[in-house]
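Enquirer: I'm passing along protein.cif; it holds mmCIF, C-alpha atoms.
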data_entry
#
loop_
_atom_site.label_atom_id
_atom_site.label_comp_id
_atom_site.auth_asym_id
_atom_site.auth_seq_id
_atom_site.Cartn_x
_atom_site.Cartn_y
_atom_site.Cartn_z
CA MET C 1 0.00 0.00 0.00
CA GLY C 2 2.94 2.31 0.67
CA ALA C 3 3.89 2.15 -3.02
CA ILE C 4 0.52 3.42 -4.29
CA GLU C 5 0.78 6.78 -6.03
CA ALA C 6 -1.77 9.31 -7.25
CA SER C 7 -1.57 7.87 -10.77
CA ASN C 8 -2.63 4.47 -9.43
CA ALA C 9 -5.70 5.96 -7.80
CA GLN C 10 -6.54 7.87 -10.96
CA PHE C 11 -6.21 4.69 -13.00
CA ALA C 12 -8.53 2.80 -10.61
CA ILE C 13 -11.14 5.56 -10.76
CA ALA C 14 -11.01 5.78 -14.56
CA SER C 15 -11.21 1.97 -14.87
CA LYS C 16 -13.84 1.46 -12.20
CA GLU C 17 -16.41 -0.31 -14.37
CA ARG C 18 -13.79 -2.52 -16.05
CA ILE C 19 -12.33 -3.52 -12.70
CA GLU C 20 -15.77 -4.39 -11.35
CA LYS C 21 -16.52 -6.62 -14.35
CA VAL C 22 -13.12 -8.30 -14.06
CA LEU C 23 -13.74 -9.06 -10.39
CA LYS C 24 -17.13 -10.54 -11.21
CA ALA C 25 -15.48 -12.71 -13.86
CA LEU C 26 -12.84 -13.76 -11.34
CA LYS C 27 -15.51 -14.86 -8.86
CA ALA C 28 -17.23 -16.83 -11.63
CA PHE C 29 -13.91 -18.48 -12.47
CA LEU C 30 -13.36 -19.50 -8.84
CA ILE C 31 -16.87 -20.92 -8.58
CA HIS C 32 -16.61 -22.89 -11.83
CA ALA C 33 -13.10 -24.08 -10.93
CA LYS C 34 -14.35 -25.27 -7.51
CA LEU C 35 -11.83 -22.96 -5.84
CA HIS C 36 -14.30 -20.56 -4.28
CA GLU C 37 -14.62 -22.57 -1.05
CA TYR C 38 -10.83 -22.93 -0.87
CA TYR C 39 -10.36 -19.17 -1.09
CA LYS C 40 -13.08 -18.48 1.45
CA ASP C 41 -10.74 -20.01 4.04
CA SER C 42 -8.04 -17.76 5.51
CA ASN C 43 -4.35 -17.45 4.62
CA ARG C 44 -4.66 -18.05 0.89
CA SER C 45 -2.28 -16.35 -1.53
CA PHE C 46 -4.01 -13.93 -3.87
CA ILE C 47 -1.05 -13.76 -6.24
CA PRO C 48 -2.52 -16.11 -8.88
CA LEU C 49 -5.80 -14.20 -8.71
CA PHE C 50 -3.98 -10.92 -9.38
CA PHE C 51 -2.73 -12.31 -12.67
CA VAL C 52 -6.03 -13.84 -13.69
CA CYS C 53 -7.49 -10.34 -13.28
CA TYR C 54 -4.57 -8.76 -15.13
CA HIS C 55 -5.07 -11.11 -18.06
CA LEU C 56 -8.83 -10.48 -18.22
CA PHE C 57 -8.43 -6.73 -17.87
CA HIS C 58 -6.31 -6.55 -21.02
CA LYS C 59 -8.63 -8.63 -23.19
CA SER C 60 -10.07 -6.81 -26.22
CA ALA C 61 -13.59 -7.58 -25.05
CA SER C 62 -16.33 -5.31 -23.83
CA ASN C 63 -17.03 -4.97 -20.13
CA GLU C 64 -20.23 -6.95 -20.59
CA GLU C 65 -18.34 -9.72 -22.37
CA ILE C 66 -15.72 -9.83 -19.63
CA GLU C 67 -18.36 -10.17 -16.92
CA HIS C 68 -19.71 -13.28 -18.67
CA TYR C 69 -16.33 -14.51 -19.91
CA PHE C 70 -16.56 -17.88 -18.17
CA ASP C 71 -20.25 -18.62 -18.74
CA ASN C 72 -19.23 -21.32 -21.24
CA PHE C 73 -16.43 -22.70 -19.07
CA ASP C 74 -17.62 -26.27 -19.55
CA SER C 75 -18.09 -26.32 -23.30
CA ASN C 76 -16.05 -24.01 -25.50
CA ASN C 77 -13.67 -21.88 -23.47
CA PRO C 78 -9.99 -22.86 -23.87
CA GLU C 79 -8.96 -19.85 -21.77
CA PHE C 80 -10.71 -21.33 -18.74
CA THR C 81 -8.69 -24.52 -19.16
CA ARG C 82 -5.38 -22.67 -19.58
CA ILE C 83 -5.93 -20.46 -16.55
CA TYR C 84 -7.25 -23.30 -14.41
CA LYS C 85 -4.24 -25.48 -15.22
CA TRP C 86 -1.82 -22.76 -14.16
CA VAL C 87 -3.66 -21.96 -10.93
CA TYR C 88 -4.22 -25.63 -10.06
CA HIS C 89 -0.64 -26.80 -10.43
CA SER C 90 0.76 -23.61 -8.91
CA LEU C 91 -1.35 -23.99 -5.76
CA LEU C 92 -0.64 -27.71 -5.55
CA ASN C 93 3.10 -27.06 -5.67
CA GLY C 94 2.86 -24.21 -3.17
CA VAL C 95 4.82 -21.77 -5.32
CA PHE C 96 3.14 -18.82 -3.60
CA LYS C 97 3.71 -19.94 -0.01
CA SER C 98 5.26 -17.31 2.25
CA LYS C 99 8.01 -19.75 3.26
CA GLY C 100 9.71 -22.61 1.48
CA ALA C 101 8.65 -21.74 -2.06
CA GLY C 102 12.17 -20.93 -3.22
CA TRP C 103 11.53 -17.21 -3.72
CA ILE C 104 9.71 -14.35 -2.01
CA PRO C 105 6.31 -14.60 -3.72
CA TYR C 106 5.11 -11.06 -3.04
CA LYS C 107 8.38 -9.59 -4.33
CA THR C 108 10.34 -11.80 -6.71
CA GLY C 109 7.35 -13.94 -7.63
CA ILE C 110 5.07 -11.08 -8.63
CA LYS C 111 7.88 -9.27 -10.44
CA LYS C 112 8.96 -12.26 -12.54
CA ILE C 113 5.44 -13.39 -13.40
CA LEU C 114 4.47 -9.86 -14.42
CA GLU C 115 7.54 -9.57 -16.65
CA ASN C 116 6.30 -12.62 -18.53
CA ILE C 117 2.53 -12.26 -18.60
CA LYS C 118 2.56 -8.67 -19.82
CA LYS C 119 3.97 -9.98 -23.11
CA TYR C 120 0.68 -11.82 -23.67
CA LYS C 121 -1.90 -9.05 -23.41
CA ASN C 122 -4.95 -10.04 -25.44
CA LEU C 123 -3.29 -13.34 -26.37
CA PRO C 124 -4.03 -16.85 -25.07
CA PHE C 125 -3.17 -17.25 -21.41
CA PRO C 126 0.54 -18.28 -21.26
CA THR C 127 0.25 -21.36 -19.07
CA GLN C 128 3.43 -23.11 -20.12
CA GLU C 129 5.42 -19.89 -20.24
CA LEU C 130 4.51 -19.16 -16.62
CA PHE C 131 5.55 -22.69 -15.64
CA GLU C 132 8.90 -21.93 -17.29
CA VAL C 133 9.26 -18.96 -14.94
CA TYR C 134 9.32 -21.43 -12.05
CA PHE C 135 11.92 -23.63 -13.71
CA SER C 136 14.17 -20.70 -14.64
CA HIS C 137 14.19 -19.54 -11.02
CA GLN C 138 14.73 -23.06 -9.64
CA ILE C 139 11.39 -23.15 -7.85
CA VAL C 140 10.48 -26.65 -6.71
CA PHE C 141 7.72 -27.46 -9.18
CA THR C 142 6.44 -30.60 -10.85
CA GLN C 143 3.49 -31.97 -12.74
CA GLU C 144 4.73 -35.52 -12.19
CA TYR C 145 3.01 -36.66 -9.02
CA ASN C 146 4.26 -39.86 -7.41
CA ILE C 147 5.40 -41.36 -4.11
CA ASP C 148 8.56 -39.25 -4.19
CA THR C 149 6.89 -35.90 -4.87
CA LEU C 150 3.58 -36.00 -2.96
CA ASN C 151 5.16 -35.07 0.35
CA ARG C 152 6.67 -31.91 -1.20
CA LEU C 153 3.30 -30.53 -2.28
CA ASP C 154 1.27 -27.91 -0.45
CA THR C 155 -0.68 -30.02 2.02
CA SER C 156 -3.56 -27.59 2.46
CA PHE C 157 -4.39 -27.67 -1.24
CA LEU C 158 -3.60 -31.37 -1.60
CA TYR C 159 -6.11 -32.23 1.13
CA TYR C 160 -8.64 -29.98 -0.56
CA ILE C 161 -8.23 -32.04 -3.74
CA MET C 162 -8.17 -35.39 -1.93
CA TYR C 163 -11.47 -34.59 -0.24
CA ASP C 164 -13.22 -33.63 -3.47
CA ARG C 165 -12.69 -29.90 -2.99
CA SER C 166 -14.99 -29.75 0.02
CA GLN C 167 -12.79 -29.99 3.14
CA THR C 168 -9.90 -27.93 4.50
CA ILE C 169 -7.36 -28.58 7.24
CA ARG C 170 -8.91 -25.94 9.51
CA GLN C 171 -12.12 -27.96 9.70
CA ASN C 172 -10.43 -31.16 10.87
CA ASP C 173 -7.54 -32.89 12.61
CA ILE C 174 -4.70 -34.37 10.58
CA ASP C 175 -4.60 -38.02 11.65
CA HIS C 176 -2.12 -40.84 10.99
CA ILE C 177 -4.06 -43.60 9.21
CA HIS C 178 -1.71 -46.28 10.51
CA PRO C 179 -0.99 -44.96 14.04
CA LYS C 180 2.38 -43.36 14.64
CA SER C 181 3.00 -45.22 17.90
CA LEU C 182 2.41 -48.64 16.32
CA LEU C 183 4.63 -47.87 13.32
CA GLU C 184 7.43 -46.61 15.56
CA GLY C 185 7.16 -49.85 17.51
CA LYS C 186 7.75 -51.73 14.24
CA GLY C 187 10.83 -49.66 13.49
CA VAL C 188 9.33 -47.91 10.44
CA GLU C 189 11.33 -44.93 9.17
CA TRP C 190 10.20 -41.46 10.29
CA ASN C 191 9.72 -40.20 6.72
CA LYS C 192 7.28 -43.02 5.96
CA ILE C 193 5.29 -42.57 9.18
CA ASN C 194 4.96 -38.80 8.92
CA ASN C 195 4.04 -38.69 5.27
CA VAL C 196 0.96 -37.19 3.62
CA ILE C 197 0.27 -40.64 2.16
CA ASN C 198 -0.31 -41.86 5.74
CA TYR C 199 -2.50 -38.90 6.70
CA GLN C 200 -6.24 -38.38 6.62
CA LEU C 201 -8.56 -35.63 7.85
CA LEU C 202 -10.86 -36.58 10.72
CA ASP C 203 -13.22 -34.51 12.80
CA TYR C 204 -11.73 -33.53 16.15
CA GLY C 205 -14.05 -35.67 18.26
CA THR C 206 -13.38 -38.89 16.34
CA ASN C 207 -9.62 -38.42 16.11
CA ARG C 208 -9.17 -37.60 19.77
CA GLY C 209 -11.72 -40.17 20.90
CA GLU C 210 -12.50 -43.56 19.38
CA LYS C 211 -9.84 -43.47 16.65
CA ASN C 212 -6.94 -42.44 18.90
CA GLY C 213 -4.07 -44.93 18.51
CA LYS C 214 -6.13 -47.81 17.12
CA ALA C 215 -4.70 -50.12 14.49
CA LEU C 216 -6.25 -49.42 11.10
CA LYS C 217 -7.63 -52.94 10.71
CA ILE C 218 -9.31 -52.84 14.11
CA TRP C 219 -10.62 -49.34 13.50
CA ILE C 220 -12.26 -50.25 10.20
CA GLU C 221 -13.64 -53.63 11.22
CA LYS C 222 -14.98 -52.73 14.67
CA PHE C 223 -15.64 -48.99 14.76
CA VAL C 224 -16.48 -47.82 11.23
CA GLU C 225 -20.19 -48.26 10.52
CA ASN C 226 -20.14 -47.51 6.78
CA LYS C 227 -16.90 -49.09 5.62
CA GLN C 228 -17.30 -48.30 1.92
CA LEU C 229 -18.05 -44.66 2.60
CA TYR C 230 -15.00 -44.42 4.85
CA LEU C 231 -12.72 -46.10 2.29
CA ASN C 232 -13.95 -43.93 -0.56
CA ARG C 233 -13.86 -40.68 1.36
CA HIS C 234 -10.34 -41.11 2.74
CA LEU C 235 -8.86 -42.90 -0.30
CA ILE C 236 -8.09 -46.01 1.75
CA PRO C 237 -7.13 -49.11 -0.30
CA GLU C 238 -9.92 -51.67 -0.40
CA ASN C 239 -7.47 -54.58 -0.25
CA GLU C 240 -7.96 -55.66 3.36
CA SER C 241 -4.46 -57.11 3.60
CA LEU C 242 -3.14 -53.54 3.38
CA TRP C 243 -4.96 -52.65 6.58
CA ASP C 244 -2.44 -54.81 8.45
CA ILE C 245 0.48 -52.82 9.77
CA GLU C 246 2.89 -55.51 8.53
CA ASN C 247 1.99 -54.45 4.96
CA PHE C 248 2.50 -50.76 5.57
CA THR C 249 4.95 -50.26 2.68
CA ASP C 250 2.49 -51.78 0.22
CA PHE C 251 -0.25 -49.64 1.78
CA LEU C 252 1.76 -46.50 1.01
CA THR C 253 2.25 -47.56 -2.60
CA GLU C 254 -1.44 -48.24 -3.19
CA ARG C 255 -2.71 -45.16 -1.38
CA CYS C 256 -0.23 -43.03 -3.33
CA ARG C 257 -1.81 -44.37 -6.51
CA LEU C 258 -5.27 -43.41 -5.27
CA ILE C 259 -4.12 -39.90 -4.37
CA VAL C 260 -2.40 -39.40 -7.74
CA ASN C 261 -5.58 -40.56 -9.47
CA LYS C 262 -7.54 -37.95 -7.53
CA ILE C 263 -5.06 -35.23 -8.55
CA SER C 264 -5.42 -36.31 -12.18
CA GLN C 265 -9.21 -36.32 -11.88
CA TYR C 266 -9.30 -32.60 -11.16
CA GLU C 267 -6.32 -31.26 -13.11
CA ASN C 268 -8.51 -30.20 -16.04
CA GLY C 269 -11.28 -28.62 -14.01
#
Mind converting the file's structure to structure tokens?
Expert:
Amino acid sequence: MGAIEASNAQFAIASKERIEKVLKALKAFLIHAKLHEYYKDSNRSFIPLFFVCYHLFHKSASNEEIEHYFDNFDSNNPEFTRIYKWVYHSLLNGVFKSKGAGWIPYKTGIKKILENIKKYKNLPFPTQELFEVYFSHQIVFTQEYNIDTLNRLDTSFLYYIMYDRSQTIRQNDIDHIHPKSLLEGKGVEWNKINNVINYQLLDYGTNRGEKNGKALKIWIEKFVENKQLYLNRHLIPENESLWDIENFTDFLTERCRLIVNKISQYENG
């Protein structure tokens, strides 16, 4: 805010109607992309939204057209797909996190992205070119999701995807599926125990009550009333042998596959 000058205010006043239409289009994009609920939670980076607005603002389309720009998001709008892909993979990789992203997002990140995207005013959204910005600045970024990369992703957005874009960390406890204490007793490595592949989201009461410390097999067979609902919701392998702690390594492999499938399911909208 300290960098705002009189010319910025004059620009905002002169462009008031355009800005309003762009913001309405942005909200429509978030709703259609199933990101509106994610952004309603706190501590979300608005950086990708800045550039969605920037791109829309510079389209050679009327204000009325901009307001309804994403009405056909599901049928004949390649721009929706390009923008969604960039936002989706950027959030999943946590490139705009305040810490650990590999750059300072609100300084270096904004500067470098702006340098690139301004070359594409009124052109197709430069999805791949913006991905190249990450690579050129050695930001940890991938679109190859597997057992080696899942734990490097932004967990808040990953959980949002895993739970069908309806749940966030703030609404639940993060729970070890195979209990930490039992795995430690078996001598399992720390990085396998405390891994997103061995985590699920449970409501506070369940996690700190009935579920607390119970072996997965016992929990499912004796305490879960609707087993299929539980397995589907938490992406738990249906192969009952993988519920045994002795098969924990195989459990990780199979659950990783289920998580990657879920990521793939939503990567195009």
Enquirer: Take the PyMOL selection byres ((chain C and resi 137-141) around 7), run it mentally on this structure, and tell me the resulting residues as a ChimeraX atom specification.
Expert: /C:93,101-102,133-136,142
Enquirer: Can you turn the PyMOL selection byres ((chain C and resi 245-256) around 10) into a concrete residue list for this file, as a PyMOL selection string?
Expert: chain C and resi 145-148+150+178-179+182-183+186+188+192-193+195-198+215-217+234-244+257-262
Enquirer: Quick one: apply the PyMOL selection byres ((chain C and resi 88) around 12) to the file and drop the selected residues here as a ChimeraX atom specification.
Expert: /C:30,33-35,38,48-49,80-87,89-96,127,131,142-143,153-154,157-158,160-161,165,263-269
Enquirer: So, with all atoms listed in the file as the atoms that count, which of C:Tyr199, C:Phe125, C:Phe11, C:Trp103 lies closest to Met162 in chain C?
Expert: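 Answer, going by the shortest atom-to-atom distance: C:Tyr199.
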Enquirer: Closest to Gln167 in chain C among C:Gln128, C:Glu37, C:Asn212, C:Ala61, using only C-alpha atoms?
Expert: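 Selected residue with least distance to Gln167 in chain C: C:Glu37.
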Enquirer: I'd like the interatomic distance between CA of His176 in chain C and CA of Tyr159 in chain C, to a tenth of an Å.
Expert: 13.7 Å
Enquirer: Scan for residues within 12 Å of the point (-10.9, -8.1, -12.3) in the coordinates of the file, using all atoms listed in the file, and reply as an MDAnalysis selection string.
Expert: chainID C and resid 12 15:29 49:59 63 66:67 69
Enquirer: Please indicate the distance in Å from CA of Ser98 in chain C to CA of Glu129 in chain C, rounded to one decimal place.
Expert: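 Between these atoms lies a distance of 22.6 Å.
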Enquirer: For Asn172 in chain C, find every residue with an atom within 8 Å (counting all atoms listed in the file), except residues of its own chain fewer than 4 positions away, and show them as a list in words.
Expert: Thr168, Leu201, Leu202, Asp203 and Tyr204 of chain C
Enquirer: Record the distance separating CA of Leu123 in chain C and CA of Glu64 in chain C, expressed in Å with one decimal.
Expert: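 CA of Glu64 in chain C lies at a distance of 19.0 Å from CA of Leu123 in chain C.
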Enquirer: Box time for range 41-52 of chain C: axis-aligned, enclosing all its listed atoms, 4 Å extra on each side; report centre and edge lengths in Å to one decimal, as AutoDock Vina command-line options.
Expert:
--center_x -5.9 --center_y -15.5 --center_z -4.1 --size_x 17.7 --size_y 17.1 --size_z 27.2
Enquirer: Need to verify the contact set: Ile113 in chain C, 9 Å, all atoms listed in the file, exclusion of same-chain residues closer than 4 positions in sequence. Can you return it as a ChimeraX atom specification?
Expert: /C:51,108-109,117-118,130,133
Enquirer: Using only C-alpha atoms, which of C:Ser45, C:Glu115, C:Glu144, C:Gln200 sits nearest Lys99 in chain C?
Expert: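 That would be C:Ser45, the residue with the smallest distance to Lys99 in chain C.
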Enquirer: Env of Phe223 in chain C: 10 Å cut, atoms = only C-alpha atoms, seq-sep filter 3 positions within chain, self excluded. Answer as a PDB file with C-alpha atoms, keeping the file's coordinate frame.
Expert:
ATOM      1  CA  GLU C 210     -12.500 -43.560  19.380  1.00  0.00           C
ATOM      2  CA  LYS C 211      -9.840 -43.470  16.650  1.00  0.00           C
ATOM      3  CA  LYS C 214      -6.130 -47.810  17.120  1.00  0.00           C
ATOM      4  CA  LYS C 217      -7.630 -52.940  10.710  1.00  0.00           C
ATOM      5  CA  ILE C 218      -9.310 -52.840  14.110  1.00  0.00           C
ATOM      6  CA  TRP C 219     -10.620 -49.340  13.500  1.00  0.00           C
ATOM      7  CA  ILE C 220     -12.260 -50.250  10.200  1.00  0.00           C
ATOM      8  CA  ASN C 226     -20.140 -47.510   6.780  1.00  0.00           C
ATOM      9  CA  LYS C 227     -16.900 -49.090   5.620  1.00  0.00           C
TER      10      LYS C 227
END
